[in-house]
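Down below is the structure, laid out as structure tokens.
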Amino acid sequence: MAKLKKDILKVAGKSLKSRLIVGTGKYKSFTETAKAIEAAGADMVTVAVRRVNILDKKKPILTDYLDPKKIIFLPNTAGCYNSKEALRTLRLAREMGGWKLVKLEVLGDKKTLYPNMIETIESTKTLVKEGFKVMVYCTDDPLLAKKLEDNGASAIMPLASPIGSGLGLQNKVNISLIIKQSKVPVIVDAGIGTASDATIAMEMGCDGVLINSAIANAKKPVLMAKAFKDAVISGRNSFLAGRMEKNFYGLPSTPFKGKI
């Protein structure tokens with residue numbers, strides 16, 4: 001039996017064996033965070049620079065539980081509501097830890113946590129000019145997603161539904177359009193609630209998924225992390241295999257040709 005080629009996700013020059021990216025917020029402890037990420041098999045984790053301690057050794061520090069030499073830290077701008085805050089946060093991350101690969105999110109509304117796309121696009125332009133590699137959280141609007149790519153985004157990260165909602169994929173048509181038009185990775189970010197949502201996203205052709213709340217808020221986060229690992233692998237394999245065509249009428253499993 002022929003061996004399958006290694007299926008590697010490449011983002012901004014980084015090679016990831018896992019297409020599951022995991023957030024580090026909302027867990028009960030750094031110990032639980034580390035166990036969940038290990039169970040998920042993730043190569044990359046997001047770190048909210050404004051919320052998670054990664055440098056102050058006087059307090060519990062994430063880097064004591066996750067080795068940044070073994071796993072890629074992706075600083076993000078969670079909690080930023082304008083371009084000025086987001087830019088300052090990522091510039092600080094670069095100064096403190098040398099991080100140039102970053103995740104940008106500029107929120108526009110405290111109720112829905114939808115992104116402010118005008119400021120997101122402007123922030124992307126600025127960061128790219130300053131030498132950052134920017135993975136961008138955005139709405140599921142194909143036109144705006146294309147605008148981000150045209151302005152140098154390293155990955156497009158459309159929401160499945162509002163952050164932390166667990167509602168799953170609410171607009172598969174738009175996500176599909178973004179996938180078809182994009183030459184950079186498309187990673188579904190926000191709103192996925194359970195493992196089957198991740199499988200669906202991967203079967204559609206998404207390059208990856210980013211999960212935080214669905215794992216951290218599960219009754220058994222470590223077990224849920226393992227479920228997401230399996231779901232992403234299964235969905236990706238299903239996409240690569242190529243599904244059968246849909247039909248409106250029944251087709252017999254056994255062909256009529258040669259029937260006695």
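Quick note on naming: the chains in the structure tokens go A, B, ... in the order shown, residues restart at 1 in each chain, and ligands are numbered from 1 in order of appearance.
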
Please provide the set of residues having any atom within 10 Å of Ser238 in chain A, restricted to only C-alpha atoms, with same-chain residues fewer than 3 positions apart removed, written as a list in words.
->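 Near Ser238 in chain A, the qualifying residues are Thr199, Ile200, Met202, Glu203, Met204, Gly205, Val232, Ile233, Ser234, Gly235, Ala241, Gly242 and Arg243 of chain A.
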
Using C-alpha atoms, can you write the selected residues to a file as an mmCIF file, in the first residue's frame?
```
data_model
loop_
_atom_site.group_PDB
_atom_site.id
_atom_site.type_symbol
_atom_site.label_atom_id
_atom_site.label_comp_id
_atom_site.auth_asym_id
_atom_site.auth_seq_id
_atom_site.Cartn_x
_atom_site.Cartn_y
_atom_site.Cartn_z
ATOM 1 C CA THR A 199 -14.816 18.219 10.791
ATOM 2 C CA ILE A 200 -17.306 20.121 8.629
ATOM 3 C CA MET A 202 -12.094 20.783 7.227
ATOM 4 C CA GLU A 203 -14.296 18.846 4.797
ATOM 5 C CA MET A 204 -15.174 22.163 3.142
ATOM 6 C CA GLY A 205 -11.485 22.711 2.417
ATOM 7 C CA VAL A 232 -9.590 17.807 12.246
ATOM 8 C CA ILE A 233 -7.598 14.840 10.945
ATOM 9 C CA SER A 234 -10.784 13.064 9.855
ATOM 10 C CA GLY A 235 -12.202 16.136 8.127
ATOM 11 C CA ALA A 241 -10.270 11.821 -0.488
ATOM 12 C CA GLY A 242 -12.940 13.703 -2.444
ATOM 13 C CA ARG A 243 -16.542 13.052 -1.535
#
```

Quick one: everything within 12 Å of Gly98 in chain A, counting only C-alpha atoms, minus sequence neighbours fewer than 2 positions away in the same chain. Send it as a VMD selection string.
-> chain A and resid 68 73 to 75 90 to 96 100 to 102 131 to 132

Could you find all residues in range 85-210 of chain A that DSSP calls strand (DSSP E) from the backbone, and write them as a PyMOL selection string?
-> chain A and resi 101-104+133-138+155-158+187-189+208-210

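Across the structure, CA of Thr124 in chain A and CA of Leu16 in chain A are spaced 22.9 Å apart.
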
Leaving out range 10-12 of chain A and any residue of its chain fewer than 6 positions from it, which residues lie within 12 Å of it when counting only C-alpha atoms, given as a list in words?
-> Ser18, Arg19, Ile21, Asp43, Met44, Ile72, Leu74, Lys100, Leu101, Val102, Lys103, Val128, Gly131, Phe132, Lys133, Val134, Met135, Gly152, Ala153, Ser154, Ala155, Ile156, Lys183, Val184, Pro185, Val186, Ile187, Asp207 and Gly208 of chain A

Can you tell me, as number ranges by chain, what residues are no more than 7 Å from Pro142 in chain A when counting only C-alpha atoms, ignoring any on the same chain fewer than 3 positions away?
-> A: 145-146, 174, 177-178

Filtering to all heavy atoms, could you give me those residues as an mmCIF file, in the first residue's frame?
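Contents of again39.cif, freshly written:
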```
data_model
loop_
_atom_site.group_PDB
_atom_site.id
_atom_site.type_symbol
_atom_site.label_atom_id
_atom_site.label_comp_id
_atom_site.auth_asym_id
_atom_site.auth_seq_id
_atom_site.Cartn_x
_atom_site.Cartn_y
_atom_site.Cartn_z
ATOM 1 N N ALA A 145 -12.276 39.766 2.844
ATOM 2 C CA ALA A 145 -11.209 38.772 2.982
ATOM 3 C C ALA A 145 -10.177 38.949 1.869
ATOM 4 O O ALA A 145 -8.964 38.866 2.104
ATOM 5 C CB ALA A 145 -11.796 37.362 2.949
ATOM 6 N N LYS A 146 -10.665 39.197 0.654
ATOM 7 C CA LYS A 146 -9.753 39.432 -0.484
ATOM 8 C C LYS A 146 -8.947 40.698 -0.267
ATOM 9 O O LYS A 146 -7.746 40.768 -0.603
ATOM 10 C CB LYS A 146 -10.562 39.545 -1.774
ATOM 11 C CG LYS A 146 -9.714 39.621 -3.036
ATOM 12 C CD LYS A 146 -8.952 38.317 -3.262
ATOM 13 C CE LYS A 146 -8.303 38.273 -4.640
ATOM 14 N NZ LYS A 146 -7.248 39.275 -4.829
ATOM 15 N N ASN A 174 -20.403 31.583 2.316
ATOM 16 C CA ASN A 174 -19.355 32.609 2.303
ATOM 17 C C ASN A 174 -17.979 32.034 2.626
ATOM 18 O O ASN A 174 -16.974 32.424 2.019
ATOM 19 C CB ASN A 174 -19.699 33.733 3.284
ATOM 20 C CG ASN A 174 -20.660 34.740 2.697
ATOM 21 O OD1 ASN A 174 -21.331 34.460 1.711
ATOM 22 N ND2 ASN A 174 -20.735 35.914 3.293
ATOM 23 N N LEU A 177 -16.678 30.455 -0.465
ATOM 24 C CA LEU A 177 -16.207 31.454 -1.426
ATOM 25 C C LEU A 177 -14.826 31.982 -1.039
ATOM 26 O O LEU A 177 -13.962 32.188 -1.903
ATOM 27 C CB LEU A 177 -17.205 32.610 -1.502
ATOM 28 C CG LEU A 177 -18.549 32.296 -2.166
ATOM 29 C CD1 LEU A 177 -19.517 33.460 -1.985
ATOM 30 C CD2 LEU A 177 -18.376 31.976 -3.641
ATOM 31 N N ILE A 178 -14.613 32.204 0.248
ATOM 32 C CA ILE A 178 -13.306 32.679 0.722
ATOM 33 C C ILE A 178 -12.228 31.638 0.441
ATOM 34 O O ILE A 178 -11.127 31.962 -0.018
ATOM 35 C CB ILE A 178 -13.369 33.034 2.223
ATOM 36 C CG1 ILE A 178 -14.252 34.262 2.441
ATOM 37 C CG2 ILE A 178 -11.962 33.292 2.780
ATOM 38 C CD1 ILE A 178 -14.558 34.561 3.899
#
```

When you draw a straight line from CA of Ala48 in chain A to CA of Ala78 in chain A, how long is it in Å?
->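 Computing the Euclidean distance for CA of Ala48 in chain A and CA of Ala78 in chain A yields 5.6 Å.
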